[in-house]
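Chemist: Contents of my_file_38.cif (mmCIF, C-alpha atoms) are below:
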```cif
data_structure
loop_
_atom_site.label_atom_id
_atom_site.label_comp_id
_atom_site.auth_asym_id
_atom_site.auth_seq_id
_atom_site.Cartn_x
_atom_site.Cartn_y
_atom_site.Cartn_z
CA MET A 1 169.90 153.79 -67.45
CA ILE A 2 168.88 150.80 -65.33
CA ARG A 3 166.39 151.51 -62.52
CA ILE A 4 166.46 149.23 -59.47
CA ALA A 5 163.95 149.04 -56.60
CA LEU A 6 165.03 147.51 -53.28
CA CYS A 7 162.41 146.47 -50.74
CA ASP A 8 163.18 145.19 -47.23
CA ASP A 9 161.51 146.11 -43.95
CA SER A 10 164.87 146.00 -42.16
CA PRO A 11 166.84 149.29 -42.51
CA GLU A 12 170.07 147.37 -41.86
CA GLN A 13 169.37 144.84 -44.62
CA LEU A 14 168.20 147.56 -46.97
CA ALA A 15 171.51 149.40 -46.50
CA LYS A 16 173.45 146.16 -46.98
CA VAL A 17 171.71 145.34 -50.28
CA SER A 18 172.17 148.91 -51.48
CA MET A 19 175.90 148.69 -50.75
CA ALA A 20 176.07 145.34 -52.56
CA VAL A 21 174.52 146.92 -55.67
CA GLU A 22 176.96 149.83 -55.50
CA ASP A 23 179.92 147.50 -55.04
CA PHE A 24 178.79 145.33 -57.98
CA VAL A 25 178.47 148.18 -60.47
CA GLN A 26 181.84 149.63 -59.42
CA ARG A 27 183.69 146.34 -59.78
CA LYS A 28 182.01 145.49 -63.09
CA HIS A 29 182.40 149.04 -64.46
CA ILE A 30 178.67 149.28 -65.19
CA GLU A 31 176.84 152.56 -65.59
CA THR A 32 175.58 153.62 -62.17
CA PRO A 33 171.88 152.69 -61.90
CA VAL A 34 169.09 154.62 -60.26
CA VAL A 35 168.41 152.85 -56.96
CA ALA A 36 165.24 153.43 -54.93
CA LYS A 37 164.93 151.97 -51.42
CA TYR A 38 161.61 150.95 -49.88
CA SER A 39 161.04 149.74 -46.33
CA ASN A 40 157.29 149.33 -46.98
CA PRO A 41 156.09 147.21 -49.93
CA LEU A 42 152.78 149.06 -50.10
CA ILE A 43 154.58 152.31 -50.87
CA LEU A 44 156.44 150.54 -53.68
CA LEU A 45 153.11 149.40 -55.14
CA ASP A 46 151.73 152.93 -54.85
CA ASP A 47 154.69 154.24 -56.83
CA LEU A 48 154.15 151.60 -59.52
CA SER A 49 150.49 152.64 -59.71
CA ASN A 50 151.74 156.19 -60.29
CA GLU A 51 153.75 154.90 -63.28
CA ILE A 52 157.18 155.01 -61.64
CA LYS A 53 159.07 152.32 -63.54
CA TYR A 54 161.86 149.93 -62.51
CA ASP A 55 163.81 147.33 -64.45
CA VAL A 56 164.96 145.20 -61.49
CA PHE A 57 163.27 144.49 -58.16
CA ILE A 58 165.30 143.07 -55.26
CA LEU A 59 162.84 141.89 -52.63
CA ASP A 60 162.97 140.50 -49.13
CA VAL A 61 160.56 137.58 -48.72
CA CYS A 62 159.34 138.02 -45.15
CA MET A 63 157.84 141.47 -44.55
CA PRO A 64 154.94 142.36 -42.21
CA GLU A 65 152.85 144.55 -44.52
CA LEU A 66 153.01 142.29 -47.57
CA ASP A 67 155.35 139.34 -48.05
CA GLY A 68 157.79 139.34 -50.96
CA ILE A 69 156.08 136.54 -52.88
CA ASN A 70 152.72 138.32 -52.98
CA LEU A 71 154.49 141.62 -53.64
CA ALA A 72 156.14 140.01 -56.67
CA LYS A 73 152.75 138.79 -57.91
CA GLU A 74 151.46 142.36 -57.77
CA ILE A 75 154.60 143.59 -59.54
CA ARG A 76 154.11 141.01 -62.29
CA ASN A 77 150.57 142.32 -62.83
CA ARG A 78 151.97 145.80 -63.40
CA VAL A 79 155.43 145.23 -64.91
CA LYS A 80 155.46 141.85 -66.62
CA SER A 81 158.92 142.16 -68.15
CA ALA A 82 160.80 143.26 -64.99
CA GLU A 83 163.53 141.13 -63.44
CA ILE A 84 162.97 139.99 -59.84
CA ILE A 85 165.60 138.87 -57.33
CA PHE A 86 164.54 137.50 -53.94
CA ILE A 87 166.71 137.66 -50.82
CA SER A 88 165.65 135.59 -47.82
CA VAL A 89 166.79 133.51 -44.86
CA PHE A 90 164.18 130.87 -45.78
CA PRO A 91 165.09 128.48 -48.63
CA GLU A 92 161.61 126.90 -48.66
CA PHE A 93 160.14 129.85 -50.58
CA ALA A 94 162.46 129.32 -53.55
CA VAL A 95 159.92 127.22 -55.50
CA ASP A 96 157.29 129.96 -55.21
CA ALA A 97 159.89 132.50 -56.29
CA PHE A 98 160.82 130.65 -59.46
CA ASP A 99 157.15 130.12 -60.30
CA LEU A 100 157.15 133.92 -60.66
CA ASN A 101 160.11 133.73 -63.08
CA ALA A 102 162.55 135.19 -60.59
CA VAL A 103 166.09 135.35 -62.00
CA HIS A 104 167.64 134.33 -58.67
CA TYR A 105 166.92 133.45 -55.04
CA VAL A 106 169.73 134.56 -52.74
CA LEU A 107 169.95 133.27 -49.18
CA LYS A 108 170.85 135.56 -46.28
CA PRO A 109 173.44 136.21 -45.10
CA PHE A 110 174.53 136.42 -48.71
CA LYS A 111 178.05 136.39 -50.09
CA SER A 112 179.16 138.74 -52.84
CA GLU A 113 179.53 135.82 -55.29
CA ALA A 114 175.86 134.85 -54.94
CA PHE A 115 174.70 138.45 -55.20
CA ASP A 116 176.93 139.07 -58.23
CA GLU A 117 175.44 136.05 -59.99
CA ALA A 118 171.93 137.35 -59.35
CA MET A 119 172.79 140.78 -60.72
CA LYS A 120 174.55 139.35 -63.77
CA ARG A 121 171.52 137.25 -64.64
CA ALA A 122 169.15 140.19 -64.24
CA LEU A 123 171.24 142.62 -66.29
CA SER A 124 171.97 140.02 -68.96
CA SER A 125 168.26 139.38 -69.37
CA ILE A 126 167.54 143.11 -69.61
CA MET A 127 170.25 143.59 -72.22
CA ASP A 128 168.98 140.63 -74.22
CA LYS A 129 165.43 141.97 -74.23
CA THR A 130 166.62 145.45 -75.15
CA ALA A 131 168.74 144.18 -78.04
CA LYS A 132 165.97 142.15 -79.69
CA VAL A 133 163.21 144.58 -80.51
CA ILE A 134 160.92 144.93 -83.52
CA PRO A 135 159.54 148.29 -84.62
CA ILE A 136 155.75 148.21 -85.04
CA GLN A 137 154.39 150.60 -87.67
CA LEU A 138 151.19 152.00 -86.20
CA GLY A 139 148.75 154.37 -87.86
CA ASN A 140 149.73 157.95 -88.76
CA GLY A 141 153.37 156.95 -89.20
CA VAL A 142 153.93 156.19 -85.50
CA LEU A 143 156.62 153.63 -84.66
CA HIS A 144 156.51 151.57 -81.45
CA SER A 145 159.34 149.23 -80.41
CA VAL A 146 158.38 145.84 -78.96
CA SER A 147 160.73 143.27 -77.43
CA ILE A 148 160.28 139.94 -79.19
CA TYR A 149 160.19 138.29 -75.75
CA ASP A 150 157.10 140.31 -74.84
CA ILE A 151 155.16 139.09 -77.88
CA LEU A 152 152.49 136.50 -77.03
CA TYR A 153 151.09 135.98 -80.51
CA ILE A 154 150.41 137.78 -83.76
CA GLU A 155 147.23 137.42 -85.80
CA SER A 156 146.44 138.64 -89.27
CA ILE A 157 143.10 140.45 -89.56
CA ALA A 158 142.18 141.97 -92.93
CA TYR A 159 144.98 144.40 -93.81
CA LYS A 160 146.50 144.57 -90.33
CA ARG A 161 148.69 142.37 -88.20
CA VAL A 162 147.56 142.53 -84.56
CA VAL A 163 150.52 142.05 -82.21
CA HIS A 164 149.46 140.84 -78.76
CA THR A 165 152.13 141.51 -76.11
CA LYS A 166 152.45 141.24 -72.34
CA ASP A 167 151.84 144.97 -72.03
CA GLY A 168 149.30 145.72 -74.73
CA VAL A 169 147.95 145.14 -78.25
CA TYR A 170 149.34 146.92 -81.31
CA GLU A 171 148.17 147.01 -84.93
CA GLU A 172 150.96 146.82 -87.50
CA VAL A 173 149.78 148.40 -90.74
CA ARG A 174 152.66 147.59 -93.09
CA ARG A 175 154.61 144.40 -92.33
CA SER A 176 153.04 141.15 -93.55
CA LEU A 177 152.66 138.06 -91.36
CA SER A 178 155.32 136.29 -93.44
CA GLY A 179 157.56 139.31 -92.87
CA PHE A 180 157.10 138.91 -89.11
CA ALA A 181 157.80 135.18 -89.36
CA GLU A 182 161.07 135.75 -91.23
CA ILE A 183 162.48 138.35 -88.84
CA LEU A 184 161.42 136.42 -85.72
CA ASP A 185 163.07 133.25 -87.03
CA VAL A 186 166.33 135.15 -87.46
CA MET A 187 166.17 136.85 -84.04
CA ALA A 188 164.93 133.82 -82.05
CA PRO A 189 165.31 130.62 -84.09
CA GLY A 190 162.67 128.02 -83.26
CA GLN A 191 160.83 130.11 -80.67
CA PHE A 192 157.90 131.20 -82.84
CA ILE A 193 155.54 128.78 -84.59
CA GLN A 194 152.60 129.08 -86.98
CA PRO A 195 149.98 126.60 -85.73
CA TYR A 196 147.20 127.89 -87.98
CA ARG A 197 146.84 130.13 -91.00
CA GLY A 198 147.04 133.77 -89.98
CA TYR A 199 148.78 133.19 -86.63
CA ILE A 200 152.29 133.29 -85.15
CA VAL A 201 152.70 132.09 -81.55
CA ASN A 202 155.58 132.60 -79.11
CA MET A 203 156.26 129.23 -77.49
CA SER A 204 157.26 130.92 -74.24
CA ALA A 205 153.65 132.15 -73.98
CA ILE A 206 152.08 128.69 -74.33
CA SER A 207 150.20 127.35 -71.32
CA THR A 208 148.85 124.10 -72.82
CA ILE A 209 148.66 122.32 -76.17
CA SER A 210 145.68 120.12 -76.98
CA PRO A 211 144.85 118.32 -80.25
CA SER A 212 142.53 121.16 -81.27
CA CYS A 213 144.13 124.35 -79.96
CA ILE A 214 146.90 126.14 -78.07
CA THR A 215 146.00 127.95 -74.85
CA LEU A 216 148.21 130.91 -74.10
CA VAL A 217 149.06 132.80 -70.94
CA GLY A 218 145.97 134.93 -70.30
CA ASN A 219 143.72 132.15 -71.72
CA ASP A 220 143.67 133.34 -75.34
CA ARG A 221 143.37 130.38 -77.69
CA VAL A 222 144.75 129.69 -81.15
CA LEU A 223 143.51 126.81 -83.32
CA ILE A 224 145.86 124.09 -84.51
CA LYS A 225 145.82 122.97 -88.13
CA ARG A 226 144.29 119.52 -88.44
CA GLY A 227 146.95 116.81 -88.27
CA ASP A 228 149.68 119.08 -86.87
CA PHE A 229 149.19 118.38 -83.14
CA ARG A 230 151.98 115.82 -82.75
CA LYS A 231 154.43 117.92 -84.75
CA LEU A 232 153.67 121.05 -82.73
CA ARG A 233 153.79 119.21 -79.41
CA LYS A 234 157.21 117.79 -80.30
CA ALA A 235 158.47 121.24 -81.34
CA PHE A 236 157.21 122.68 -78.04
CA LEU A 237 158.86 119.96 -75.94
CA ASP A 238 162.12 120.29 -77.89
CA TRP A 239 162.09 124.05 -77.35
CA ILE A 240 161.47 123.70 -73.59
CA PHE A 241 164.33 121.21 -73.30
CA SER A 242 166.70 123.45 -75.25
CA GLU A 243 165.79 126.45 -73.05
CA ARG A 244 166.42 124.56 -69.82
CA THR A 245 169.75 123.18 -70.95
CA SER A 246 171.12 126.32 -72.63
#
```
Spit out the file's structure as structure tokens when you get a sec.

Modeler:
Amino acid sequence: MIRIALCDDSPEQLAKVSMAVEDFVQRKHIETPVVAKYSNPLILLDDLSNEIKYDVFILDVCMPELDGINLAKEIRNRVKSAEIIFISVFPEFAVDAFDLNAVHYVLKPFKSEAFDEAMKRALSSIMDKTAKVIPIQLGNGVLHSVSIYDILYIESIAYKRVVHTKDGVYEEVRRSLSGFAEILDVMAPGQFIQPYRGYIVNMSAISTISPSCITLVGNDRVLIKRGDFRKLRKAFLDWIFSERTS
């Protein structure tokens, strides 16, 4: 079941957004989500600190306790894979919003078409992430499912494959690195590269590429095989272009 958090300091706007969510799920025949309403962003952060989880956050931008942009930054630190929708009367904050990978920026007073589009994007992204998961075989027979979109990189160390994700690090004890490469290429063609022996890198996690190494989100670095810089840079640019035009 999808869990949605709404945050707006205006009770009137909070009720309006809540009704828009209810209207959307009824018209689209979607399973009714759990909806939590917050008029204070600090209380929302407290709940996240207490491990209350949400899949979608719909945030007002201008709030007195903590503005929506900085609230979203705090949310990203806690729930990196969540979908964020901003609702605001001020279009000038849209650039900041999309720097935080918001799925949509809806201007008030919003029309149902704009709100529907935001919800469709958020739910589509959630469904896509949910559908493409890899089971990680941990020690003692424990299985842990990881979305391929949350993988930053995988490194091979001795007899284990260490899977670095947005939310943690997991040691796969059975699947080989080549096994990972094969399944990732099927599930997300072209998105994962092998810049150096013993490494697989998710191109969506790349911050910069230099002739000697790749710097990832979080500042981890992976070496580049000598002579492969131009090839990898081209692959990265081609992938970015394909993502933006798809």

Chemist: Calculated over all atoms listed in the file, which of the candidates A:Lys111, A:Lys166, A:Arg121, A:Arg3 has the smallest distance to Asn77 in chain A?

Modeler: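 Of A:Lys111, A:Lys166, A:Arg121, A:Arg3, the one nearest Asn77 in chain A is A:Lys166, counting all atoms listed in the file.
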
Chemist: Within 10 Å of Ala181 in chain A, counting only C-alpha atoms, which residues show up once you throw out same-chain ones fewer than 3 positions away? Write them as a count of residues only, please.

Modeler: 13

Chemist: Excluding same-chain residues fewer than 3 positions from range 220-226 of chain A, what lies within 9 Å of it counting all atoms listed in the file, as a VMD selection string?

Modeler: chain A and resid 153 194 to 197 199 201 209 to 217 229 232

Chemist: Have a look at CA of Ser18 in chain A and CA of Arg78 in chain A and let me know their distance in Å, one decimal.

Modeler: 23.7 Å

Chemist: Check what the PyMOL selection byres ((chain A and resi 140-143) around 12) selects in the file above and give those residues as number ranges by chain.

Modeler: A: 133-139, 144-146, 170-174

Chemist: Taking the file as I've supplied it (selection: the PyMOL selection byres ((chain A and resi 5) around 10)), which residues are included? Please answer as number ranges by chain.

Modeler: A: 3-4, 6-7, 18, 34-38, 44, 53-59, 84

Chemist: With distances taken over only C-alpha atoms, which of A:Met187, A:Ala235, A:Ile2, A:Val89 is nearest to Thr32 in chain A?

Modeler: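 The answer is A:Ile2, which sits nearest to Thr32 in chain A.
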
Chemist: Quick one: 3 Å padding each side, axis-aligned, all listed atoms of range 174-190 of chain A - centre and edge lengths in Å to one decimal, as JSON?

Modeler:
```
{"center_x": 159.5, "center_y": 137.8, "center_z": -87.8, "size_x": 19.7, "size_y": 25.6, "size_z": 17.5}
```

Chemist: Applying 8 Å and all atoms listed in the file, which residues near range 97-107 of chain A remain after dropping the ones on its own chain fewer than 6 positions away? List them as a PDB file with C-alpha atoms, in the frame of the given file.

Modeler:
```pdb
ATOM      1  CA  ILE A  69     156.080 136.540 -52.880  1.00  0.00           C
ATOM      2  CA  ALA A  72     156.140 140.010 -56.670  1.00  0.00           C
ATOM      3  CA  LYS A  73     152.750 138.790 -57.910  1.00  0.00           C
ATOM      4  CA  ARG A  76     154.110 141.010 -62.290  1.00  0.00           C
ATOM      5  CA  GLU A  83     163.530 141.130 -63.440  1.00  0.00           C
ATOM      6  CA  ILE A  84     162.970 139.990 -59.840  1.00  0.00           C
ATOM      7  CA  ILE A  85     165.600 138.870 -57.330  1.00  0.00           C
ATOM      8  CA  PHE A  86     164.540 137.500 -53.940  1.00  0.00           C
ATOM      9  CA  ILE A  87     166.710 137.660 -50.820  1.00  0.00           C
ATOM     10  CA  SER A  88     165.650 135.590 -47.820  1.00  0.00           C
ATOM     11  CA  VAL A  89     166.790 133.510 -44.860  1.00  0.00           C
ATOM     12  CA  PHE A  90     164.180 130.870 -45.780  1.00  0.00           C
ATOM     13  CA  PRO A  91     165.090 128.480 -48.630  1.00  0.00           C
ATOM     14  CA  ALA A 114     175.860 134.850 -54.940  1.00  0.00           C
ATOM     15  CA  PHE A 115     174.700 138.450 -55.200  1.00  0.00           C
ATOM     16  CA  ALA A 118     171.930 137.350 -59.350  1.00  0.00           C
ATOM     17  CA  ARG A 121     171.520 137.250 -64.640  1.00  0.00           C
ATOM     18  CA  ALA A 122     169.150 140.190 -64.240  1.00  0.00           C
TER      19      ALA A 122
END
```

Chemist: May I have the protein, DNA and RNA residues with any atom at most 12 Å from the point (178.6, 147.3, -58.3), counting all atoms listed in the file, written as a list in words?

Modeler: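 Protein and nucleic acid residues near the point are Val17, Ser18, Met19, Ala20, Val21, Glu22, Asp23, Phe24, Val25, Gln26, Arg27, Lys28, His29, Ile30, Glu31, Thr32, Pro33, Val35, Ser112, Glu113, Phe115, Asp116, Glu117, Met119, Lys120 and Leu123 of chain A.
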
Chemist: What gap, in Å, lies between CA of Gly68 in chain A and CA of Asn219 in chain A?

Modeler: 26.1 Å

Chemist: To one decimal place, how far is CA of Asp167 in chain A from CA of Gln191 in chain A in Å?

Modeler: 19.4 Å

Chemist: Check the smallest atom-to-atom distance from each of A:Pro64, A:Ala205, A:Ser39, A:Ile75 to Ile52 in chain A using all atoms listed in the file, then report the winner.

Modeler: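 Among the listed residues, A:Ile75 lies closest to Ile52 in chain A.
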
Chemist: Given the choices A:Ala82, A:Met203, A:Val61, A:Leu42, which gets closest to Pro189 in chain A if the distance is worked out from all atoms listed in the file?

Modeler: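 Smallest separation from Pro189 in chain A among the options: A:Met203.
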
Chemist: Please write the residues picked by the PyMOL selection byres ((chain A and resi 9) around 7) on this file as a list in words.

Modeler: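 Written out, the selection comes to Cys7, Asp8, Ser10, Pro11, Ser39, Asn40 and Met63 of chain A.
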
Chemist: Hey, which of A:Ile43, A:Leu14, A:Val95, A:Leu152 ends up closest to Asp60 in chain A? Count all atoms listed in the file.

Modeler: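 Smallest separation from Asp60 in chain A among the options: A:Leu14.
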